[in-house]
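As provided, coords-v9.cif (mmCIF, C-alpha atoms, pLDDT in the B column; chains and numbers go by the auth columns) reads as follows.
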data_input
loop_
_atom_site.group_PDB
_atom_site.id
_atom_site.type_symbol
_atom_site.label_atom_id
_atom_site.label_comp_id
_atom_site.label_asym_id
_atom_site.label_seq_id
_atom_site.Cartn_x
_atom_site.Cartn_y
_atom_site.Cartn_z
_atom_site.B_iso_or_equiv
_atom_site.auth_seq_id
_atom_site.auth_asym_id
ATOM 1 C CA MET A 1 15.322 -35.418 91.924 44.00 176 A
ATOM 2 C CA ALA A 2 16.192 -34.783 95.547 44.00 177 A
ATOM 3 C CA ASP A 3 19.695 -33.406 95.602 50.00 178 A
ATOM 4 C CA GLY A 4 19.558 -32.824 99.375 58.00 179 A
ATOM 5 C CA SER A 5 17.258 -33.754 102.158 71.00 180 A
ATOM 6 C CA VAL A 6 13.669 -32.662 101.743 80.00 181 A
ATOM 7 C CA THR A 7 12.009 -31.223 104.820 84.00 182 A
ATOM 8 C CA VAL A 8 9.019 -32.925 106.357 86.00 183 A
ATOM 9 C CA ALA A 9 7.169 -29.577 106.213 88.00 184 A
ATOM 10 C CA GLU A 10 7.327 -29.585 102.381 90.00 185 A
ATOM 11 C CA VAL A 11 5.933 -33.123 102.266 91.00 186 A
ATOM 12 C CA GLU A 12 3.234 -32.207 104.797 91.00 187 A
ATOM 13 C CA ALA A 13 2.209 -29.191 102.682 90.00 188 A
ATOM 14 C CA SER A 14 1.708 -31.482 99.667 91.00 189 A
ATOM 15 C CA PHE A 15 -0.107 -33.970 101.905 92.00 190 A
ATOM 16 C CA LYS A 16 -2.570 -31.237 102.963 91.00 191 A
ATOM 17 C CA LYS A 17 -3.173 -30.138 99.354 90.00 192 A
ATOM 18 C CA PHE A 18 -3.987 -33.687 98.283 90.00 193 A
ATOM 19 C CA ALA A 19 -6.051 -34.315 101.438 91.00 194 A
ATOM 20 C CA VAL A 20 -8.507 -31.512 100.647 91.00 195 A
ATOM 21 C CA HIS A 21 -8.602 -32.208 96.891 88.00 196 A
ATOM 22 C CA GLY A 22 -12.156 -32.956 95.758 84.00 197 A
ATOM 23 C CA ASP A 23 -13.572 -32.978 99.296 84.00 198 A
ATOM 24 C CA THR A 24 -15.309 -29.845 100.558 83.00 199 A
ATOM 25 C CA LYS A 25 -15.517 -31.175 104.134 85.00 200 A
ATOM 26 C CA ALA A 26 -11.842 -32.177 104.434 84.00 201 A
ATOM 27 C CA THR A 27 -9.662 -30.366 106.946 88.00 202 A
ATOM 28 C CA GLY A 28 -6.299 -31.366 105.476 87.00 203 A
ATOM 29 C CA LYS A 29 -5.253 -33.347 108.564 92.00 204 A
ATOM 30 C CA GLU A 30 -6.335 -36.726 107.165 93.00 205 A
ATOM 31 C CA ILE A 31 -6.275 -38.184 103.661 93.00 206 A
ATOM 32 C CA ASN A 32 -8.648 -40.800 102.253 92.00 207 A
ATOM 33 C CA GLY A 33 -7.659 -43.787 100.119 92.00 208 A
ATOM 34 C CA LYS A 34 -8.698 -42.238 96.799 92.00 209 A
ATOM 35 C CA ASN A 35 -6.625 -39.111 97.391 92.00 210 A
ATOM 36 C CA PHE A 36 -3.691 -41.186 98.677 93.00 211 A
ATOM 37 C CA VAL A 37 -3.675 -43.131 95.395 92.00 212 A
ATOM 38 C CA LYS A 38 -3.997 -39.827 93.476 91.00 213 A
ATOM 39 C CA LEU A 39 -1.008 -38.436 95.386 92.00 214 A
ATOM 40 C CA CYS A 40 1.003 -41.535 94.522 91.00 215 A
ATOM 41 C CA LYS A 41 0.031 -41.327 90.838 91.00 216 A
ATOM 42 C CA ASP A 42 0.575 -37.567 90.457 90.00 217 A
ATOM 43 C CA CYS A 43 3.926 -37.668 92.275 91.00 218 A
ATOM 44 C CA LYS A 44 5.035 -40.686 90.197 90.00 219 A
ATOM 45 C CA ILE A 45 5.421 -43.035 93.173 92.00 220 A
ATOM 46 C CA ILE A 46 3.259 -45.463 91.185 91.00 221 A
ATOM 47 C CA ASP A 47 5.495 -46.378 88.280 91.00 222 A
ATOM 48 C CA GLY A 48 3.511 -49.350 86.948 86.00 223 A
ATOM 49 C CA LYS A 49 6.393 -51.796 87.398 89.00 224 A
ATOM 50 C CA ASN A 50 7.667 -51.815 90.974 91.00 225 A
ATOM 51 C CA VAL A 51 4.726 -50.007 92.595 93.00 226 A
ATOM 52 C CA THR A 52 1.169 -50.332 91.304 93.00 227 A
ATOM 53 C CA ALA A 53 -2.151 -48.836 92.448 92.00 228 A
ATOM 54 C CA THR A 54 -2.929 -52.174 94.128 93.00 229 A
ATOM 55 C CA ASP A 55 0.298 -51.984 96.150 93.00 230 A
ATOM 56 C CA VAL A 56 -0.605 -48.472 97.271 94.00 231 A
ATOM 57 C CA ASP A 57 -4.103 -49.617 98.295 94.00 232 A
ATOM 58 C CA ILE A 58 -2.663 -52.523 100.282 95.00 233 A
ATOM 59 C CA VAL A 59 -0.201 -50.274 102.117 95.00 234 A
ATOM 60 C CA PHE A 60 -3.001 -47.760 102.828 94.00 235 A
ATOM 61 C CA THR A 61 -5.139 -50.522 104.336 94.00 236 A
ATOM 62 C CA LYS A 62 -2.154 -51.772 106.365 94.00 237 A
ATOM 63 C CA VAL A 63 -1.379 -48.423 108.021 95.00 238 A
ATOM 64 C CA LYS A 64 -4.932 -47.216 108.717 93.00 239 A
ATOM 65 C CA ALA A 65 -6.898 -48.185 111.812 91.00 240 A
ATOM 66 C CA LYS A 66 -9.330 -51.105 111.419 91.00 241 A
ATOM 67 C CA SER A 67 -12.575 -49.098 111.168 92.00 242 A
ATOM 68 C CA ALA A 68 -11.047 -45.874 109.805 92.00 243 A
ATOM 69 C CA ARG A 69 -11.377 -44.688 106.221 92.00 244 A
ATOM 70 C CA VAL A 70 -8.622 -42.062 106.431 93.00 245 A
ATOM 71 C CA ILE A 71 -4.999 -41.842 107.582 94.00 246 A
ATOM 72 C CA THR A 72 -3.162 -39.068 109.424 93.00 247 A
ATOM 73 C CA PHE A 73 0.186 -37.579 108.396 93.00 248 A
ATOM 74 C CA GLU A 74 2.037 -39.913 110.776 93.00 249 A
ATOM 75 C CA GLN A 75 0.358 -42.949 109.197 94.00 250 A
ATOM 76 C CA PHE A 76 1.069 -41.399 105.784 94.00 251 A
ATOM 77 C CA SER A 77 4.777 -41.207 106.636 93.00 252 A
ATOM 78 C CA GLN A 78 4.661 -44.837 107.755 94.00 253 A
ATOM 79 C CA ALA A 79 3.028 -45.806 104.443 94.00 254 A
ATOM 80 C CA LEU A 80 5.759 -43.998 102.509 93.00 255 A
ATOM 81 C CA THR A 81 8.474 -45.845 104.434 93.00 256 A
ATOM 82 C CA GLU A 82 6.805 -49.108 103.377 93.00 257 A
ATOM 83 C CA LEU A 83 6.558 -48.014 99.730 93.00 258 A
ATOM 84 C CA ALA A 84 10.067 -46.521 99.495 92.00 259 A
ATOM 85 C CA PRO A 85 12.109 -49.765 99.250 92.00 260 A
ATOM 86 C CA LYS A 86 9.634 -51.125 96.711 92.00 261 A
ATOM 87 C CA ARG A 87 9.846 -48.006 94.506 91.00 262 A
ATOM 88 C CA PHE A 88 13.617 -47.595 94.748 92.00 263 A
ATOM 89 C CA LYS A 89 15.037 -51.112 94.768 90.00 264 A
ATOM 90 C CA GLY A 90 18.729 -51.391 95.643 88.00 265 A
ATOM 91 C CA LYS A 91 18.754 -48.210 97.756 89.00 266 A
ATOM 92 C CA GLY A 92 18.984 -48.061 101.530 90.00 267 A
ATOM 93 C CA GLN A 93 15.813 -47.483 103.573 89.00 268 A
ATOM 94 C CA GLU A 94 16.685 -43.880 104.528 90.00 269 A
ATOM 95 C CA GLU A 95 17.866 -42.959 101.031 91.00 270 A
ATOM 96 C CA ALA A 96 14.704 -44.456 99.477 91.00 271 A
ATOM 97 C CA VAL A 97 12.474 -42.526 101.902 90.00 272 A
ATOM 98 C CA GLN A 98 14.318 -39.286 101.065 91.00 273 A
ATOM 99 C CA LEU A 99 13.870 -39.979 97.333 90.00 274 A
ATOM 100 C CA ILE A 100 10.115 -40.566 97.870 91.00 275 A
ATOM 101 C CA TYR A 101 9.918 -37.325 99.870 91.00 276 A
ATOM 102 C CA GLY A 102 11.711 -35.628 96.958 90.00 277 A
ATOM 103 C CA LEU A 103 9.018 -36.883 94.557 91.00 278 A
ATOM 104 C CA ILE A 104 6.217 -35.549 96.777 91.00 279 A
ATOM 105 C CA ALA A 105 7.643 -32.204 97.956 88.00 280 A
ATOM 106 C CA GLY A 106 6.096 -29.164 96.283 86.00 281 A
ATOM 107 C CA LYS A 107 3.531 -31.130 94.260 87.00 282 A
ATOM 108 C CA GLU A 108 -0.171 -30.275 93.924 85.00 283 A
ATOM 109 C CA PRO A 109 -3.116 -32.335 92.646 84.00 284 A
ATOM 110 C CA ALA A 110 -3.187 -32.273 88.850 81.00 285 A
ATOM 111 C CA ASN A 111 -6.445 -31.832 86.977 76.00 286 A
ATOM 112 C CA VAL A 112 -5.236 -33.587 83.839 65.00 287 A
ATOM 113 C CA GLY A 113 -7.850 -35.873 82.349 62.00 288 A
ATOM 114 C CA VAL A 114 -10.687 -34.144 84.143 61.00 289 A
ATOM 115 C CA THR A 115 -13.860 -33.839 82.103 63.00 290 A
ATOM 116 C CA LYS A 116 -13.863 -30.628 80.102 62.00 291 A
ATOM 117 C CA VAL A 117 -16.581 -28.633 78.362 60.00 292 A
ATOM 118 C CA ALA A 118 -17.638 -30.123 75.036 57.00 293 A
ATOM 119 C CA LYS A 119 -15.915 -28.788 71.962 61.00 294 A
ATOM 120 C CA ALA A 120 -17.833 -25.858 70.546 67.00 295 A
ATOM 121 C CA GLY A 121 -17.501 -27.064 66.940 70.00 296 A
ATOM 122 C CA ALA A 122 -20.040 -29.877 67.180 74.00 297 A
ATOM 123 C CA VAL A 123 -22.510 -27.833 69.215 73.00 298 A
ATOM 124 C CA ASP A 124 -22.220 -24.872 66.849 74.00 299 A
ATOM 125 C CA ARG A 125 -22.734 -27.108 63.845 74.00 300 A
ATOM 126 C CA LEU A 126 -25.832 -28.728 65.330 74.00 301 A
ATOM 127 C CA THR A 127 -27.412 -25.438 66.411 74.00 302 A
ATOM 128 C CA ASP A 128 -26.637 -23.439 63.243 77.00 303 A
ATOM 129 C CA THR A 129 -30.134 -22.688 61.914 76.00 304 A
ATOM 130 C CA SER A 130 -28.821 -21.766 58.447 78.00 305 A
ATOM 131 C CA LYS A 131 -28.001 -25.456 57.878 78.00 306 A
ATOM 132 C CA PHE A 132 -31.488 -26.704 58.841 78.00 307 A
ATOM 133 C CA THR A 133 -33.553 -28.297 56.076 80.00 308 A
ATOM 134 C CA GLY A 134 -37.169 -29.240 55.494 79.00 309 A
ATOM 135 C CA ALA A 135 -39.805 -28.442 58.092 75.00 310 A
ATOM 136 C CA HIS A 136 -37.190 -27.394 60.643 76.00 311 A
ATOM 137 C CA LYS A 137 -35.963 -24.620 58.340 76.00 312 A
ATOM 138 C CA GLU A 138 -39.421 -22.994 58.473 75.00 313 A
ATOM 139 C CA ARG A 139 -39.233 -22.611 62.255 78.00 314 A
ATOM 140 C CA PHE A 140 -36.527 -19.886 62.160 77.00 315 A
ATOM 141 C CA ASP A 141 -36.219 -16.485 60.469 78.00 316 A
ATOM 142 C CA GLU A 142 -33.122 -15.315 58.527 76.00 317 A
ATOM 143 C CA SER A 143 -31.306 -14.179 61.682 77.00 318 A
ATOM 144 C CA GLY A 144 -31.744 -17.595 63.340 74.00 319 A
ATOM 145 C CA LYS A 145 -34.335 -16.539 65.886 79.00 320 A
ATOM 146 C CA GLY A 146 -37.279 -18.876 66.363 77.00 321 A
ATOM 147 C CA LYS A 147 -40.640 -17.829 64.946 78.00 322 A
ATOM 148 C CA GLY A 148 -42.559 -19.270 67.875 78.00 323 A
ATOM 149 C CA LYS A 149 -46.044 -20.642 67.152 77.00 324 A
ATOM 150 C CA ALA A 150 -45.902 -19.367 63.567 72.00 325 A
ATOM 151 C CA GLY A 151 -42.902 -21.619 62.957 71.00 326 A
ATOM 152 C CA ARG A 152 -44.521 -24.728 64.468 72.00 327 A
ATOM 153 C CA GLU A 153 -48.075 -24.553 63.133 76.00 328 A
ATOM 154 C CA ASP A 154 -49.683 -23.574 59.836 76.00 329 A
ATOM 155 C CA ILE A 155 -51.676 -20.462 60.650 76.00 330 A
ATOM 156 C CA PRO A 156 -54.258 -19.855 57.882 79.00 331 A
ATOM 157 C CA ASP A 157 -54.118 -16.531 56.059 77.00 332 A
ATOM 158 C CA THR A 158 -57.623 -15.052 56.333 80.00 333 A
ATOM 159 C CA SER A 159 -56.831 -11.837 54.448 78.00 334 A
ATOM 160 C CA GLY A 160 -58.755 -12.954 51.341 78.00 335 A
ATOM 161 C CA TYR A 161 -55.763 -12.698 48.992 79.00 336 A
ATOM 162 C CA VAL A 162 -54.107 -15.563 47.150 79.00 337 A
ATOM 163 C CA GLY A 163 -50.811 -16.626 48.700 74.00 338 A
ATOM 164 C CA ALA A 164 -48.478 -15.367 45.939 78.00 339 A
ATOM 165 C CA TYR A 165 -50.368 -12.125 45.179 80.00 340 A
ATOM 166 C CA LYS A 166 -47.911 -9.200 45.250 82.00 341 A
ATOM 167 C CA GLY A 167 -50.419 -6.346 45.439 80.00 342 A
ATOM 168 C CA GLU A 168 -51.839 -7.369 48.798 80.00 343 A
ATOM 169 C CA GLY A 169 -53.390 -4.455 50.672 78.00 344 A
ATOM 170 C CA SER A 170 -53.682 -2.271 47.556 81.00 345 A
ATOM 171 C CA TYR A 171 -57.427 -2.941 46.925 79.00 346 A
ATOM 172 C CA GLU A 172 -58.542 -0.197 49.314 80.00 347 A
ATOM 173 C CA ASP A 173 -56.430 2.381 47.471 80.00 348 A
ATOM 174 C CA LYS A 174 -57.924 1.384 44.071 79.00 349 A
ATOM 175 C CA VAL A 175 -61.524 1.570 45.361 82.00 350 A
ATOM 176 C CA LYS A 176 -61.025 5.034 46.906 78.00 351 A
ATOM 177 C CA GLU A 177 -59.687 6.441 43.599 69.00 352 A
ATOM 178 C CA ALA A 178 -62.772 5.384 41.654 60.00 353 A
#
Structure translated into structure tokens:
Amino acid sequence: MADGSVTVAEVEASFKKFAVHGDTKATGKEINGKNFVKLCKDCKIIDGKNVTATDVDIVFTKVKAKSARVITFEQFSQALTELAPKRFKGKGQEEAVQLIYGLIAGKEPANVGVTKVAKAGAVDRLTDTSKFTGAHKERFDESGKGKGKAGREDIPDTSGYVGAYKGEGSYEDKVKEA
């Protein structure tokens, strides 16, 4: 993980990335509780056994000011020093803090599990007009374009010909010949 000491600047860079994640008004100098928990999850500080999301929330509440909703980088560092011995049991305080810094350094917020666009297969299947049946089939032409009002309503044919008559429009030609 951390084979040497990780610089505070690397940790601060990750802190700033998580601080602005999902918040258009954030400056990157302070991080809110939601993003602090996200940082801890994405950087694997929360392991589910020694450190849980509840533990992270409690530490966040402990280090922030009474009426504040965000913490600064200094308070963030203090929170990490409180979480370090819990995450790395059996290690010294300094070594545990360096290991936590090693987990955080160079990390960015992950977008795994974020809602994605619906799969095209279902939408394509439901909007494929060639598979429509019954009255809905009549509303579209062969290319799949809608027929408009002609597809929704029965418009009476006032031409005077029977519906299935194939020689429609040929009467005028026959009368002129005679």
Could you tell me, as number ranges by chain, which residues have any atom at most 7 Å from (-1.7, -33.2, 109.3), counting all atoms listed in the file?
-> A: 187, 191, 203-205, 247-248
Residue among A:Tyr346, A:Phe315, A:Tyr336, A:Phe235 lying closest to Lys209 (chain A), counting all atoms listed in the file =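 Nearest to Lys209 (chain A): A:Phe235.
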Please, what distance in Å, to one decimal, runs between CA of Thr304 (chain A) and CA of Lys324 (chain A)?
->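 These atoms are spaced 16.9 Å apart.
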List every protein, DNA or RNA residue that has an atom no more than 12 Å from (-38.5, -25.5, 62.5) in the file's coordinate frame, counting only C-alpha atoms, and report them as a list in words.
-> Thr302, Thr304, Ser305, Lys306, Phe307, Thr308, Gly309, Ala310, His311, Lys312, Glu313, Arg314, Phe315, Asp316, Gly319, Lys320, Gly321, Lys322, Gly323, Lys324, Ala325, Gly326, Arg327, Glu328 and Asp329 of chain A
Distance in Å - CA of Val231 (chain A) versus CA of Thr202 (chain A) |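 Rounded to one decimal, the two atoms are 22.4 Å apart.
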Where does the PyMOL selection byres ((chain A and resi 196) around 10) land in this file, that is, which residues does it pick, as a ChimeraX atom specification?
-> /A:191-195,197-199,201,203,206,210,213-214,283-285
Write out, as a compact mmCIF listing (two decimals), in the frame of the given file, the residues just selected, with C-alpha atoms.
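Produced file part23.txt, reproduced below:
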# COMPACT_ATOMS: atom_id res chain seq x y z
CA LYS A 191 -2.57 -31.24 102.96
CA LYS A 192 -3.17 -30.14 99.35
CA PHE A 193 -3.99 -33.69 98.28
CA ALA A 194 -6.05 -34.32 101.44
CA VAL A 195 -8.51 -31.51 100.65
CA GLY A 197 -12.16 -32.96 95.76
CA ASP A 198 -13.57 -32.98 99.30
CA THR A 199 -15.31 -29.84 100.56
CA ALA A 201 -11.84 -32.18 104.43
CA GLY A 203 -6.30 -31.37 105.48
CA ILE A 206 -6.28 -38.18 103.66
CA ASN A 210 -6.62 -39.11 97.39
CA LYS A 213 -4.00 -39.83 93.48
CA LEU A 214 -1.01 -38.44 95.39
CA GLU A 283 -0.17 -30.28 93.92
CA PRO A 284 -3.12 -32.34 92.65
CA ALA A 285 -3.19 -32.27 88.85
Carefully work through the PyMOL selection byres ((chain A and resi 234) around 12) for this structure and note down the residues it includes, as number ranges by chain.
-> A: 208, 211-212, 215, 226-233, 235-240, 246, 250-259, 261
Could you check which of A:Ile220, A:Val272, A:Pro260, A:Lys282 is closest to Glu185 (chain A), using all atoms listed in the file?
->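 That would be A:Lys282, the residue with the smallest distance to Glu185 (chain A).
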May I ask for the distance between CA of Arg244 (chain A) and CA of Arg262 (chain A), given in Å to one decimal place?
->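 Atom-to-atom, CA of Arg244 (chain A) to CA of Arg262 (chain A), that is 24.5 Å.
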Residue contacts of Ser180 (chain A) (9 Å, all atoms listed in the file) excluding same-chain residues fewer than 3 positions away, as a PyMOL selection string | chain A and resi 177+273-274+276-277
Taking all atoms of region 191-198 of chain A that the file lists, what box with edges along x, y and z, padded by 8 Å per side, do you get, with centre and edge lengths in Å to one decimal, as JSON?
{"center_x": -8.1, "center_y": -32.2, "center_z": 99.4, "size_x": 27.0, "size_y": 20.2, "size_z": 23.2}
